[in-house]
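**Student:** Submitted below is the structure of interest, expressed as C-alpha cells.
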Amino acid sequence: MLQSVRRVLPLVAAVALAMSTGAFAGDPDQPVQVAAIAPSTVTIDNFAFAPAILMIAPGTKVMRDNKDEEPHTVTSADGGMMFKSPALDTDGKFSFTFDKPGTYKYFCSIHPHMVGTIVVK
C-alpha cells in the first residue's frame, strides 16, 4: 500500500501545481498556448510572397493566391522544371503538392526580385 501511495504522490503533486499556476484553459487570467498549424496558402501581395518561407510536411498541397493588382507567376528556381504557373491575375490561384522532403525555392518570372522558399520536412 505504501509503495502505491509513493507512486501516485508525484502525479498528484504535478496536477496540483498545474492547477494552481493557471496552466489550464479554464483560467481566464492565463494565456493559452495552442500549437499553430502551418498555413498551406502563400499570398502574393504588395509584390511579395507571404510567408516568404513556409515549412510543411511531405504531401502538403500549397496554394498561391495573387492579391496584387498586377499579374505574377510562381516558377521553381530550377528553371521551372518542377513547377511553373501561368501569369496569375488578381485572385488567380496556383497550387502544387510537395511530396518529397527538401528545400524548394521559387520566384515570379515577371518580377524576379519576388522570391519564396518552401521547406518540406
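Here's how to read the names in the C-alpha cells: chain A, B, ... by the order shown, residue numbers from 1 in each chain, ligand numbers from 1 in the order shown.
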Quick one: residues within 8 Å of Val115 of chain A, only C-alpha atoms, excluding same-chain residues fewer than 2 positions away - as a PyMOL selection string?
**Tutor:** chain A and resi 48-49+52+105-108+112-113+117
**Student:** Using atom CA of Asp45 of chain A and atom CA of Gly102 of chain A as the two end points, give the distance in Å to one decimal.
**Tutor:** 25.4 Å
**Student:** I'd like the neighbourhood of Thr90 of chain A as a list in words, where a residue qualifies if any of its atoms comes within 9 Å (using only C-alpha atoms), though same-chain residues fewer than 4 positions away should be ignored.
**Tutor:** Asp65, Asn66, Lys67, Asp68, Glu69, Glu70, Pro71 and His72 of chain A
**Student:** Please, could you write that set of residues out with all heavy atoms as a tab-separated table (two decimals), in the first residue's frame?
**Tutor:**
chain	number	residue	atom	x	y	z
A	65	ASP	N	-1.99	32.47	-53.92
A	65	ASP	CA	-3.18	33.28	-54.20
A	65	ASP	C	-2.73	34.72	-54.45
A	65	ASP	O	-2.21	35.38	-53.55
A	65	ASP	CB	-4.12	33.20	-52.99
A	65	ASP	CG	-5.46	33.86	-53.22
A	65	ASP	OD1	-5.72	34.35	-54.34
A	65	ASP	OD2	-6.25	33.89	-52.26
A	66	ASN	N	-2.93	35.21	-55.68
A	66	ASN	CA	-2.49	36.56	-56.05
A	66	ASN	C	-3.52	37.60	-55.62
A	66	ASN	O	-4.64	37.64	-56.12
A	66	ASN	CB	-2.26	36.66	-57.56
A	66	ASN	CG	-1.70	38.01	-57.96
A	66	ASN	OD1	-1.26	38.79	-57.12
A	66	ASN	ND2	-1.70	38.29	-59.25
A	67	LYS	N	-3.13	38.45	-54.69
A	67	LYS	CA	-3.99	39.54	-54.21
A	67	LYS	C	-3.53	40.89	-54.76
A	67	LYS	O	-4.10	41.92	-54.43
A	67	LYS	CB	-4.01	39.58	-52.68
A	67	LYS	CG	-4.62	38.34	-52.06
A	67	LYS	CD	-6.06	38.17	-52.50
A	67	LYS	CE	-6.73	36.99	-51.87
A	67	LYS	NZ	-8.06	36.75	-52.43
A	68	ASP	N	-2.48	40.89	-55.58
A	68	ASP	CA	-2.00	42.12	-56.20
A	68	ASP	C	-2.86	42.50	-57.39
A	68	ASP	O	-3.57	41.67	-57.96
A	68	ASP	CB	-0.55	41.94	-56.69
A	68	ASP	CG	0.48	42.43	-55.70
A	68	ASP	OD1	0.13	43.16	-54.76
A	68	ASP	OD2	1.66	42.07	-55.86
A	69	GLU	N	-2.75	43.75	-57.79
A	69	GLU	CA	-3.43	44.23	-58.99
A	69	GLU	C	-2.65	43.87	-60.25
A	69	GLU	O	-3.16	43.96	-61.35
A	69	GLU	CB	-3.61	45.76	-58.92
A	69	GLU	CG	-4.52	46.22	-57.79
A	69	GLU	CD	-5.96	45.78	-57.98
A	69	GLU	OE1	-6.46	45.83	-59.12
A	69	GLU	OE2	-6.58	45.36	-56.99
A	70	GLU	N	-1.40	43.45	-60.07
A	70	GLU	CA	-0.53	43.09	-61.19
A	70	GLU	C	-0.47	41.56	-61.33
A	70	GLU	O	-0.59	40.84	-60.34
A	70	GLU	CB	0.89	43.61	-60.94
A	70	GLU	CG	0.99	45.12	-60.85
A	70	GLU	CD	0.67	45.80	-62.17
A	70	GLU	OE1	1.03	45.28	-63.24
A	70	GLU	OE2	0.03	46.86	-62.12
A	71	PRO	N	-0.24	41.07	-62.54
A	71	PRO	CA	-0.08	39.62	-62.70
A	71	PRO	C	1.28	39.16	-62.15
A	71	PRO	O	2.26	39.92	-62.16
A	71	PRO	CB	-0.16	39.42	-64.22
A	71	PRO	CG	0.21	40.73	-64.81
A	71	PRO	CD	-0.20	41.78	-63.82
A	72	HIS	N	1.32	37.91	-61.67
A	72	HIS	CA	2.54	37.30	-61.16
A	72	HIS	C	2.57	35.85	-61.58
A	72	HIS	O	1.53	35.26	-61.90
A	72	HIS	CB	2.61	37.38	-59.63
A	72	HIS	CG	2.68	38.77	-59.11
A	72	HIS	ND1	3.78	39.59	-59.27
A	72	HIS	CD2	1.77	39.51	-58.42
A	72	HIS	CE1	3.55	40.76	-58.70
A	72	HIS	NE2	2.33	40.73	-58.18
**Student:** Just to confirm, what's the straight-line distance from atom CA of Asn46 of chain A to atom CA of Val120 of chain A in Å (one decimal)?
**Tutor:**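 Pair atom CA of Asn46 of chain A / atom CA of Val120 of chain A returns 25.5 Å.
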